[in-house]
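Student: Below you'll find model-v2.txt; it's compact mmCIF, C-alpha atoms.
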# COMPACT_ATOMS: atom_id res chain seq x y z
CA MET A 1 57.00 123.75 -200.94
CA ALA A 2 57.92 126.60 -198.66
CA GLN A 3 56.31 126.70 -195.24
CA ASN A 4 53.11 128.74 -195.30
CA PRO A 5 52.33 131.33 -192.65
CA ASP A 6 50.16 129.87 -189.93
CA SER A 7 46.85 131.30 -191.09
CA GLU A 8 43.55 130.13 -189.65
CA LEU A 9 40.16 129.76 -191.28
CA VAL A 10 37.65 132.12 -189.65
CA GLY A 11 34.54 131.55 -191.73
CA SER A 12 33.01 130.77 -195.06
CA ASN A 13 29.92 131.27 -197.20
CA ASP A 14 29.76 127.50 -197.81
CA GLN A 15 28.01 127.84 -201.13
CA LEU A 16 28.69 128.21 -204.80
CA VAL A 17 28.29 131.76 -206.12
CA ALA A 18 27.35 132.27 -209.76
CA LEU A 19 28.66 135.55 -211.16
CA GLY A 20 26.76 137.26 -213.93
CA PRO A 21 25.78 140.60 -215.44
CA GLN A 22 24.12 141.64 -212.19
CA PRO A 23 25.97 142.30 -208.90
CA VAL A 24 25.93 139.36 -206.50
CA GLU A 25 25.99 139.51 -202.72
CA THR A 26 26.89 136.62 -200.47
CA GLU A 27 27.19 136.25 -196.72
CA VAL A 28 30.33 134.85 -195.12
CA THR A 29 29.49 133.36 -191.73
CA LEU A 30 32.29 133.57 -189.17
CA ALA A 31 32.90 130.85 -186.58
CA PRO A 32 32.42 132.33 -183.07
CA GLN A 33 35.63 130.83 -181.67
CA ALA A 34 37.79 132.09 -184.51
CA LEU A 35 36.08 135.48 -184.43
CA ASP A 36 36.78 135.77 -180.69
CA ALA A 37 40.43 134.93 -181.34
CA TYR A 38 40.56 137.66 -183.99
CA ALA A 39 38.90 140.21 -181.69
CA ALA A 40 41.26 139.23 -178.86
CA SER A 41 44.23 140.28 -181.00
CA TYR A 42 43.10 143.91 -180.59
CA THR A 43 45.01 144.43 -177.36
CA PRO A 44 46.01 147.94 -176.21
CA ASP A 45 49.63 147.11 -177.06
CA ALA A 46 48.76 145.82 -180.52
CA VAL A 47 46.87 148.95 -181.51
CA ALA A 48 49.23 151.49 -179.84
CA ARG A 49 51.16 153.51 -182.42
CA ASP A 50 54.31 153.73 -180.33
CA LYS A 51 54.63 149.99 -179.71
CA PRO A 52 55.64 147.22 -182.08
CA GLY A 53 53.16 144.65 -183.25
CA GLU A 54 49.71 144.87 -184.74
CA PRO A 55 46.41 142.98 -184.54
CA ASP A 56 45.70 139.98 -186.74
CA ARG A 57 45.14 140.60 -190.43
CA LEU A 58 42.07 139.35 -192.30
CA PHE A 59 41.98 137.96 -195.83
CA LEU A 60 39.16 137.09 -198.19
CA LYS A 61 39.79 134.05 -200.35
CA LEU A 62 37.69 133.28 -203.42
CA ARG A 63 38.26 129.59 -204.09
CA ASN A 64 38.04 127.63 -207.31
CA ILE A 65 36.76 130.30 -209.67
CA ARG A 66 35.77 128.52 -212.87
CA GLY A 67 34.14 129.60 -216.08
CA ASN A 68 34.33 130.22 -219.79
CA GLN A 69 34.96 133.98 -219.85
CA GLY A 70 38.37 135.12 -218.69
CA ALA A 71 38.20 138.53 -220.35
CA CYS A 72 36.16 140.23 -217.68
CA ILE A 73 36.82 142.03 -214.43
CA PHE A 74 34.77 142.06 -211.25
CA ASP A 75 35.05 144.48 -208.34
CA VAL A 76 34.96 142.87 -204.93
CA ALA A 77 33.63 144.83 -201.95
CA VAL A 78 32.99 143.90 -198.33
CA SER A 79 30.77 145.32 -195.62
CA VAL A 80 29.82 144.45 -192.09
CA PRO A 81 26.08 144.09 -191.37
CA GLY A 82 24.97 146.88 -189.04
CA ALA A 83 27.95 149.12 -189.81
CA ALA A 84 27.16 152.64 -190.96
CA ALA A 85 29.31 152.38 -194.05
CA PRO A 86 28.74 151.38 -197.67
CA PRO A 87 30.55 148.32 -199.04
CA ALA A 88 34.26 149.07 -199.38
CA THR A 89 36.03 147.85 -202.49
CA VAL A 90 38.93 145.59 -201.58
CA GLY A 91 40.15 144.84 -205.07
CA SER A 92 39.39 143.68 -208.56
CA LEU A 93 39.08 140.19 -209.85
CA ALA A 94 40.89 139.76 -213.15
CA LEU A 95 40.24 136.33 -214.53
CA PHE A 96 42.98 135.98 -217.11
CA GLY A 97 43.58 132.30 -217.76
CA LEU A 98 40.20 131.25 -216.42
CA GLU A 99 39.28 128.97 -219.31
CA TYR A 100 42.55 127.05 -219.05
CA ALA A 101 42.37 126.81 -215.26
CA SER A 102 38.82 125.44 -215.54
CA ASP A 103 39.73 122.70 -218.00
CA LYS A 104 39.70 119.31 -216.28
CA ARG A 105 42.53 118.18 -218.53
CA ASN A 106 44.93 120.83 -217.24
CA GLU A 107 47.77 120.17 -214.81
CA HIS A 108 45.67 120.95 -211.77
CA GLY A 109 42.65 118.94 -212.83
CA GLY A 110 40.50 122.01 -213.51
CA SER A 111 40.53 123.42 -209.99
CA GLY A 112 40.11 126.93 -211.40
CA LEU A 113 41.61 130.14 -210.07
CA THR A 114 41.86 131.19 -206.44
CA LYS A 115 42.17 134.89 -205.53
CA THR A 116 42.97 136.49 -202.19
CA PHE A 117 42.28 140.04 -200.98
CA GLU A 118 43.31 141.65 -197.71
CA ILE A 119 40.27 143.09 -195.93
CA THR A 120 41.81 144.15 -192.59
CA GLU A 121 41.50 147.89 -193.16
CA GLU A 122 37.94 147.64 -194.42
CA VAL A 123 36.71 145.50 -191.53
CA ASP A 124 38.61 146.51 -188.41
CA PRO A 125 36.88 149.91 -187.86
CA TYR A 126 33.67 147.89 -187.38
CA LEU A 127 34.90 145.27 -184.96
CA PRO A 128 32.00 145.71 -182.49
CA GLU A 129 29.45 145.33 -185.30
CA LEU A 130 31.39 142.37 -186.67
CA LYS A 131 31.33 140.63 -183.30
CA GLN A 132 27.62 141.20 -183.04
CA ALA A 133 26.70 140.14 -186.57
CA GLY A 134 29.27 137.33 -186.94
CA LYS A 135 29.10 137.87 -190.69
CA ILE A 136 30.77 139.72 -193.52
CA LEU A 137 28.88 140.61 -196.68
CA VAL A 138 30.76 140.21 -199.94
CA ASP A 139 29.57 142.07 -202.99
CA ILE A 140 30.88 141.10 -206.43
CA ARG A 141 29.91 143.28 -209.35
CA PRO A 142 31.02 143.04 -212.98
CA ARG A 143 32.86 145.85 -214.68
CA GLY A 144 31.66 145.86 -218.27
CA ARG A 145 29.22 143.54 -219.98
CA LEU A 146 28.88 139.80 -219.89
CA ARG A 147 27.21 137.75 -222.60
CA PRO A 148 24.23 135.57 -221.69
CA ASP A 149 26.23 132.38 -222.23
CA ASP A 150 29.16 133.48 -220.03
CA ARG A 151 29.35 131.28 -216.98
CA ILE A 152 31.59 132.11 -214.02
CA THR A 153 31.27 130.46 -210.61
CA VAL A 154 33.10 130.73 -207.32
CA ASP A 155 32.99 127.46 -205.38
CA LYS A 156 33.42 129.06 -201.98
CA ILE A 157 34.47 132.28 -200.28
CA ASP A 158 36.56 131.98 -197.10
CA VAL A 159 37.87 134.46 -194.56
CA TYR A 160 41.26 133.76 -192.98
CA ARG A 161 43.06 135.49 -190.17
CA LEU A 162 46.82 135.79 -190.10
CA PRO A 163 48.24 136.23 -186.60
CA THR A 164 51.10 138.71 -186.66
CA MET B 1 62.58 112.93 -209.04
CA ARG B 2 64.30 116.12 -207.94
CA ALA B 3 60.92 117.75 -207.26
CA ALA B 4 59.87 114.72 -205.22
CA LEU B 5 63.01 114.82 -203.09
CA TYR B 6 62.54 118.51 -202.52
CA ALA B 7 58.91 117.94 -201.56
CA VAL B 8 59.85 115.23 -199.06
CA SER B 9 62.59 117.36 -197.50
CA ALA B 10 60.18 120.33 -197.25
CA MET B 11 57.61 118.03 -195.63
CA ALA B 12 60.18 116.84 -193.11
CA ARG B 13 61.01 120.44 -192.18
CA GLY B 14 57.42 121.72 -192.08
CA PRO B 15 54.20 121.01 -190.20
CA LEU B 16 53.59 117.91 -192.31
CA TRP B 17 56.65 116.12 -190.86
CA PRO B 18 54.47 113.23 -189.56
CA LEU B 19 53.99 112.08 -193.18
CA PRO B 20 57.63 111.15 -193.90
CA ALA B 21 57.93 109.96 -190.29
CA VAL B 22 54.99 107.54 -190.69
CA SER B 23 56.41 106.40 -194.00
CA GLY B 24 59.82 105.70 -192.46
CA LEU B 25 58.33 103.80 -189.52
CA CYS B 26 56.19 101.69 -191.84
CA TRP B 27 59.21 100.86 -194.02
CA ILE B 28 61.11 99.73 -190.89
CA ALA B 29 58.15 97.66 -189.72
CA LEU B 30 57.79 96.08 -193.17
CA ALA B 31 61.46 95.19 -193.30
CA ALA B 32 61.25 93.69 -189.79
CA LEU B 33 58.09 91.76 -190.67
CA ILE B 34 59.54 90.38 -193.86
CA SER B 35 62.77 89.33 -192.21
CA SER B 36 61.01 87.64 -189.29
CA SER B 37 58.08 85.93 -191.05
CA PRO B 38 57.95 83.49 -193.91
CA LEU B 39 57.28 85.89 -196.76
CA ILE B 40 54.82 83.68 -198.55
CA HIS B 41 52.36 83.97 -195.66
CA ILE B 42 52.29 87.73 -195.89
CA CYS B 43 52.37 88.73 -199.46
CA GLY B 44 52.57 87.61 -203.02
CA GLY B 45 52.08 84.35 -204.79
CA PRO B 46 49.17 81.94 -204.96
CA VAL B 47 48.56 81.98 -201.20
CA ARG B 48 46.87 85.36 -201.51
CA TRP B 49 44.55 83.91 -204.12
CA ALA B 50 43.58 81.26 -201.56
CA MET B 51 41.82 83.78 -199.37
CA LEU B 52 39.10 84.12 -201.99
CA LEU B 53 38.44 80.40 -202.06
CA PRO B 54 35.76 78.97 -199.76
CA TYR B 55 38.28 76.70 -198.07
CA GLY B 56 40.96 79.37 -197.93
CA PRO B 57 42.83 79.70 -194.65
CA SER B 58 41.25 82.64 -192.83
CA SER B 59 44.25 82.77 -190.53
CA ILE B 60 46.28 84.52 -193.22
CA LEU B 61 43.78 87.39 -193.50
CA PHE B 62 44.94 89.32 -190.46
CA PRO B 63 48.65 89.44 -191.34
CA GLN B 64 47.66 90.42 -194.84
CA LEU B 65 45.53 93.31 -193.58
CA ALA B 66 48.32 94.46 -191.31
CA PHE B 67 50.77 94.15 -194.16
CA ASP B 68 48.48 96.08 -196.52
CA LEU B 69 48.12 98.89 -193.97
CA LEU B 70 51.88 99.06 -193.50
CA MET B 71 52.36 99.03 -197.25
CA LEU B 72 49.96 101.95 -197.66
CA GLY B 73 51.55 103.82 -194.77
CA ALA B 74 55.01 103.37 -196.23
CA MET B 75 54.19 104.16 -199.83
CA MET B 76 51.29 106.59 -199.69
CA SER B 77 52.00 108.86 -196.70
CA PRO B 78 54.47 111.12 -198.55
CA LEU B 79 52.02 111.40 -201.45
CA LEU B 80 49.35 112.98 -199.26
CA ALA B 81 50.98 116.33 -198.49
CA HIS B 82 48.89 118.33 -200.95
CA ASP B 83 45.59 116.69 -199.97
CA LEU B 84 46.17 116.94 -196.24
CA ALA B 85 47.30 120.55 -196.48
CA CYS B 86 44.11 121.27 -198.44
CA VAL B 87 41.92 119.58 -195.80
CA ARG B 88 43.64 121.27 -192.87
CA ARG B 89 43.70 124.77 -194.41
CA GLN B 90 40.00 124.56 -195.20
CA SER B 91 38.99 123.37 -191.73
CA LEU B 92 38.29 125.45 -188.66
CA ALA B 93 41.03 125.03 -186.04
CA ALA B 94 38.66 123.14 -183.74
CA ARG B 95 38.01 120.39 -186.28
CA ARG B 96 41.37 120.10 -188.02
CA GLY B 97 42.23 116.84 -186.26
CA ARG B 98 38.83 115.34 -186.99
CA ALA B 99 38.95 116.46 -190.62
CA THR B 100 42.38 114.88 -191.01
CA ALA B 101 41.19 111.61 -189.45
CA LEU B 102 38.11 111.50 -191.69
CA PHE B 103 40.21 112.20 -194.76
CA VAL B 104 42.66 109.42 -193.88
CA LEU B 105 39.78 107.01 -193.22
CA GLY B 106 38.23 107.92 -196.56
CA TYR B 107 41.59 107.51 -198.26
CA LEU B 108 42.30 104.10 -196.76
CA THR B 109 38.90 102.61 -197.64
CA PRO B 110 39.29 102.39 -201.46
CA TRP B 111 42.97 101.53 -201.16
CA MET B 112 42.33 98.59 -198.82
CA GLY B 113 39.68 97.31 -201.23
CA ALA B 114 42.01 97.85 -204.16
CA LEU B 115 44.87 96.01 -202.45
CA PHE B 116 42.55 93.08 -201.74
CA CYS B 117 41.61 92.94 -205.44
CA LEU B 118 45.24 93.39 -206.55
CA SER B 119 46.28 90.56 -204.23
CA ALA B 120 43.68 88.30 -205.77
CA LEU B 121 44.79 89.41 -209.24
CA SER B 122 48.42 88.64 -208.42
CA GLY B 123 47.34 85.19 -207.27
CA LEU B 124 45.40 84.72 -210.48
CA LEU B 125 48.43 85.74 -212.52
CA ALA B 126 50.66 83.37 -210.61
CA ARG B 127 48.20 80.52 -211.16
CA SER B 128 47.65 81.15 -214.84
CA LEU B 129 51.26 81.97 -215.77
CA ARG B 130 52.66 79.37 -213.34
CA SER B 131 55.62 81.60 -212.48
CA ASP B 132 56.11 84.64 -210.27
CA LEU B 133 58.63 86.18 -212.64
CA ALA B 134 56.34 85.75 -215.65
CA GLY B 135 53.58 87.39 -213.59
CA LEU B 136 55.90 90.28 -212.78
CA ALA B 137 56.95 90.70 -216.42
CA PHE B 138 53.31 90.59 -217.52
CA THR B 139 52.42 93.23 -214.89
CA LEU B 140 55.28 95.48 -215.97
CA GLY B 141 54.08 95.13 -219.57
CA LEU B 142 50.57 96.14 -218.53
CA GLY B 143 52.11 98.98 -216.53
CA LEU B 144 53.84 100.29 -219.65
CA VAL B 145 50.60 100.03 -221.63
CA TRP B 146 48.70 101.93 -218.92
CA GLN B 147 51.51 104.48 -218.68
CA GLY B 148 51.04 105.26 -222.37
CA THR B 149 47.29 105.82 -222.26
CA PRO B 150 45.62 109.23 -221.86
CA MET B 151 43.62 107.82 -218.91
CA LYS B 152 46.78 107.55 -216.83
CA ALA B 153 47.63 111.21 -217.49
CA MET B 154 44.05 112.19 -216.67
CA ALA B 155 44.23 110.28 -213.38
CA LEU B 156 47.53 111.98 -212.46
CA ARG B 157 46.03 115.38 -213.24
CA ALA B 158 42.95 114.60 -211.18
CA CYS B 159 45.25 113.82 -208.23
CA HIS B 160 46.28 117.52 -208.33
CA ARG B 161 42.69 118.73 -208.08
CA THR B 162 41.96 120.98 -205.09
CA PRO B 163 38.29 120.97 -204.10
CA ALA B 164 36.52 123.63 -202.07
CA LEU B 165 35.44 121.88 -198.88
CA PRO B 166 32.48 123.06 -196.79
CA THR B 167 33.36 124.65 -193.45
CA PHE B 168 30.41 124.12 -191.15
CA GLY B 169 28.27 121.26 -189.89
CA ALA B 170 27.77 117.73 -191.11
CA ARG B 171 28.57 118.77 -194.69
CA ALA B 172 32.12 119.59 -193.59
CA GLU B 173 32.59 116.17 -191.95
CA LEU B 174 31.15 114.37 -194.95
CA ALA B 175 33.28 116.39 -197.37
CA SER B 176 36.50 115.51 -195.53
CA PHE B 177 35.61 111.82 -195.84
CA THR B 178 34.48 111.99 -199.48
CA TYR B 179 37.57 113.98 -200.44
CA GLY B 180 39.60 111.07 -199.02
CA LEU B 181 37.52 108.63 -201.08
CA THR B 182 37.84 110.52 -204.37
CA SER B 183 41.48 111.31 -203.81
CA ALA B 184 42.24 107.64 -203.19
CA ALA B 185 40.12 106.59 -206.18
CA TRP B 186 42.23 108.76 -208.54
CA CYS B 187 45.38 107.57 -206.79
CA VAL B 188 44.34 103.93 -207.33
CA ALA B 189 43.60 104.72 -210.98
CA ALA B 190 47.06 106.26 -211.38
CA CYS B 191 49.11 103.73 -209.38
CA TRP B 192 47.32 100.38 -209.39
CA LEU B 193 49.71 98.64 -211.74
CA TRP B 194 52.76 99.86 -209.86
CA MET B 195 51.18 98.51 -206.68
CA LEU B 196 50.41 95.20 -208.38
CA ALA B 197 54.05 94.64 -209.36
CA PRO B 198 55.40 93.98 -205.81
CA LEU B 199 52.53 91.55 -205.13
CA THR B 200 53.45 89.35 -208.07
CA TRP B 201 56.93 88.39 -206.94
CA ALA B 202 57.19 87.40 -203.30
CA ALA B 203 60.97 87.05 -203.20
CA GLY B 204 61.60 90.59 -204.41
CA HIS B 205 58.63 92.19 -202.72
CA LEU B 206 60.44 94.82 -200.68
CA TRP B 207 62.70 95.90 -203.53
CA LEU B 208 59.81 96.10 -205.95
CA MET B 209 57.91 98.13 -203.38
CA LEU B 210 60.82 100.55 -203.15
CA GLY B 211 60.92 100.83 -206.94
CA ALA B 212 57.17 101.42 -207.16
CA PHE B 213 57.42 103.97 -204.35
CA ALA B 214 60.12 105.90 -206.22
CA VAL B 215 58.05 105.90 -209.42
CA MET B 216 54.87 107.03 -207.63
CA LEU B 217 56.67 109.71 -205.62
CA GLY B 218 58.29 111.05 -208.79
CA GLU B 219 54.98 111.07 -210.66
CA ARG B 220 53.11 112.75 -207.79
CA TYR B 221 55.41 115.74 -207.50
CA ALA B 222 56.47 116.12 -211.13
CA ARG B 223 54.52 118.10 -213.70
CA PRO B 224 51.79 115.70 -214.91
CA PRO B 225 52.27 114.42 -218.48
CA GLN B 226 50.19 115.66 -221.41
CA VAL B 227 46.87 113.90 -221.96
CA ARG B 228 47.65 111.94 -225.12
CA MET B 229 48.35 108.43 -226.33
CA ARG B 230 51.99 107.36 -226.19
CA THR B 231 52.24 104.61 -228.74
CA ALA B 232 55.89 103.81 -227.98
CA TRP B 233 55.02 103.04 -224.33
CA THR B 234 51.92 101.03 -225.14
CA GLY B 235 53.70 99.16 -227.94
CA ALA B 236 56.59 98.26 -225.67
CA GLY B 237 54.13 97.22 -222.98
CA VAL B 238 52.22 94.92 -225.33
CA VAL B 239 55.50 93.29 -226.45
CA VAL B 240 56.68 92.74 -222.85
CA ALA B 241 53.31 91.35 -221.74
CA ALA B 242 53.06 89.06 -224.78
CA ALA B 243 56.62 87.85 -224.24
CA ALA B 244 55.83 87.07 -220.61
CA VAL B 245 52.79 85.02 -221.58
CA SER B 246 54.68 83.19 -224.35
CA VAL B 247 57.65 82.34 -222.13
CA ALA B 248 55.33 81.16 -219.35
CA HIS B 249 53.42 78.86 -221.69
CA LEU B 250 56.55 77.55 -223.39
CA GLY B 251 58.14 76.91 -220.01
CA GLY B 252 54.96 75.22 -218.74
Could you render the structure from this file as structure tokens?
Tutor:
Amino acid sequence: MAQNPDSELVGSNDQLVALGPQPVETEVTLAPQALDAYAASYTPDAVARDKPGEPDRLFLKLRNIRGNQGACIFDVAVSVPGAAAPPATVGSLALFGLEYASDKRNEHGGSGLTKTFEITEEVDPYLPELKQAGKILVDIRPRGRLRPDDRITVDKIDVYRLPT
Amino acid sequence: MRAALYAVSAMARGPLWPLPAVSGLCWIALAALISSSPLIHICGGPVRWAMLLPYGPSSILFPQLAFDLLMLGAMMSPLLAHDLACVRRQSLAARRGRATALFVLGYLTPWMGALFCLSALSGLLARSLRSDLAGLAFTLGLGLVWQGTPMKAMALRACHRTPALPTFGARAELASFTYGLTSAAWCVAACWLWMLAPLTWAAGHLWLMLGAFAVMLGERYARPPQVRMRTAWTGAGVVVAAAAVSVAHLGG
């Protein structure tokens, strides 16, 4: 039980997302106080190339992914409402072991899988838009085909900041 | 047990250090209470059964509640690291303290109810078996039976479940509380017989508590057992329980 870095929850979509054959978009609402703290980390010193240190990093966390189809991959992209940029892919969601992780009789009581992606580079060019919107859009689209009886859900999508 | 000791030492060195600290303080308070008060008025034996009777002395209720709280603080605090870390990581910084308090409140509620029922059950055992030691042996037999059932393994696995808790609004507050309730409910399901054992024998209460604490700590941080029937455990449990009943009735 090593000590975790002191990350802080910034926001969440607060709803279950059902993944399927069609792309899904969900909105992660950011808490104003936490968003201000993130924006405040962009000090002149933190962004200067010739000085040590950097602004806070942002992470997207997909919690408790459960389902019956582990042999599929989803691409995860994020965008900031109001930003003049298409959704930027932050990574792929490979769900190997999903069926086992979803089984209530397993060692973790069927909590499912949890996946984390860093989204700092995709979000920080749009900090002014982010502060105005207070939201991040998350787009999850399948790569390949899913059968009609494939069920995959994500309990919740969080955004965390990691002070550096 | 090695994993449990490592977990406790990591807790003591990390941000969750209040958990082992609370546990240690509660153990000291329990030891002081037991050494300064007549034990029979606090825990164990037929006196606890008396509180359910209409003419039962209500004056013993308060020390019992205090004792139950100390007992939970001593034995359960180090078992909460995973749950509390889950609550705190999934809460906004502004409501971390409140989320923790709501979780603890939710956790204590079923446990206090369960301890009340276990106390009454220990009194019932003492009355029907007419001996504290027979009651203890019977409880240990039941404990072995329960240990061998798939339900026990299921309960231990459910204790490792990590829910996704809402972040905003009243739903977040409610979820912190209900997570405490469900977490405690699975904990009661996994540990109730080990918690019953110290209540059955007043003279050895503290030592039995320490034993039960070691077992629960080991179970909480070890890999949970497979979900299957263990006939050797249940068979041994039935024999021990039957022997306790026979000896009690022969002796009576």
Student: Should the cut-off be 8 Å, what would the residue list for chain A against chain B look like, counting all atoms listed in the file, as a PyMOL selection string?
Tutor: chain A and resi 1-3+7-12+14-15+31+34+63-64+104-111+155-156
Student: Nearest to Val80 (chain A): which of A:Asp149, A:Glu25, A:Glu129, A:Asp6 is it, counting only C-alpha atoms?
Tutor: A:Glu129
Student: When distances are computed from only C-alpha atoms, which of A:Leu58, A:Val24, A:Ala84, A:Ile73 shows the smallest separation from Gly144 (chain A)?
Tutor: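 Closest residue, counting only C-alpha atoms: A:Ile73.
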Student: So how many Å separate CA of Thr139 (chain B) and CA of Ser183 (chain B), to one decimal?
Tutor: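 Interatomic distance, CA of Thr139 (chain B) to CA of Ser183 (chain B): 23.9 Å.
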Student: Tell me, in Å to one decimal, how far CA of Trp207 (chain B) is from CA of Trp194 (chain B).
Tutor: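 CA of Trp207 (chain B) sits 12.4 Å away from CA of Trp194 (chain B).
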Student: Can you tell me, as a short mmCIF file (atom, residue, chain, number, x, y, z; two decimals) with C-alpha atoms, in the coordinates of the input, what residues are no more than 12 Å from region 238-252 of chain B when counting only C-alpha atoms, ignoring any on the same chain fewer than 3 positions away?
Tutor:
data_model
loop_
_atom_site.label_atom_id
_atom_site.label_comp_id
_atom_site.auth_asym_id
_atom_site.auth_seq_id
_atom_site.Cartn_x
_atom_site.Cartn_y
_atom_site.Cartn_z
CA LEU B 125 48.43 85.74 -212.52
CA ALA B 126 50.66 83.37 -210.61
CA ARG B 127 48.20 80.52 -211.16
CA SER B 128 47.65 81.15 -214.84
CA LEU B 129 51.26 81.97 -215.77
CA ARG B 130 52.66 79.37 -213.34
CA SER B 131 55.62 81.60 -212.48
CA ASP B 132 56.11 84.64 -210.27
CA LEU B 133 58.63 86.18 -212.64
CA ALA B 134 56.34 85.75 -215.65
CA GLY B 135 53.58 87.39 -213.59
CA LEU B 136 55.90 90.28 -212.78
CA ALA B 137 56.95 90.70 -216.42
CA PHE B 138 53.31 90.59 -217.52
CA THR B 139 52.42 93.23 -214.89
CA LEU B 140 55.28 95.48 -215.97
CA GLY B 141 54.08 95.13 -219.57
CA LEU B 142 50.57 96.14 -218.53
CA GLY B 143 52.11 98.98 -216.53
CA LEU B 144 53.84 100.29 -219.65
CA VAL B 145 50.60 100.03 -221.63
CA TRP B 146 48.70 101.93 -218.92
CA GLN B 147 51.51 104.48 -218.68
CA GLY B 148 51.04 105.26 -222.37
CA THR B 231 52.24 104.61 -228.74
CA ALA B 232 55.89 103.81 -227.98
CA TRP B 233 55.02 103.04 -224.33
CA THR B 234 51.92 101.03 -225.14
CA GLY B 235 53.70 99.16 -227.94
#
Student: Have a look at CA of Leu193 (chain B) and CA of Leu79 (chain B) and let me know their distance in Å, one decimal.
Tutor: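 Separation of CA of Leu193 (chain B) and CA of Leu79 (chain B): 16.6 Å.
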Student: What lies within 9 Å of Gln22 (chain A) using all atoms listed in the file, ignoring chain neighbours under 5 positions off, as a PyMOL selection string?
Tutor: chain A and resi 140-142
Student: Let me see the file: selected residues, C-alpha atoms, as a short mmCIF file (atom, residue, chain, number, x, y, z; two decimals), keeping the file's coordinate frame.
Tutor:
data_model
loop_
_atom_site.label_atom_id
_atom_site.label_comp_id
_atom_site.auth_asym_id
_atom_site.auth_seq_id
_atom_site.Cartn_x
_atom_site.Cartn_y
_atom_site.Cartn_z
CA ILE A 140 30.88 141.10 -206.43
CA ARG A 141 29.91 143.28 -209.35
CA PRO A 142 31.02 143.04 -212.98
#
Student: In file coordinates, which residues lie within 10 Å of (60.0, 105.2, -203.3) using only C-alpha atoms, given as a list in words?
Tutor: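 With a cut-off of 10 Å, the residues come to Met1, Ala4, Ala74, Met75, Met76, Pro78, Trp207, Leu208, Met209, Leu210, Gly211, Ala212, Phe213, Ala214, Val215, Met216, Leu217 and Gly218 of chain B.
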Student: Neighbours of Gly20 (chain A) within 8 Å (only C-alpha atoms; same-chain residues fewer than 3 positions away dropped), as a ChimeraX atom specification?
Tutor: /A:23-24,142,146,150-152
Student: Report as a VMD selection string all protein, DNA and RNA residues lying within 10 Å of Glu121 (chain A), evaluated on all atoms listed in the file, omitting residues in the same chain fewer than 2 positions from it.
Tutor: chain A and resid 57 to 58 88 90 118 to 119 123 to 126
Student: Given the point (43.0, 111.5, -227.8) in the coordinates of this file, which residues lie within 7 Å, counting only C-alpha atoms, and how would they look as a count of residues only?
Tutor: 3
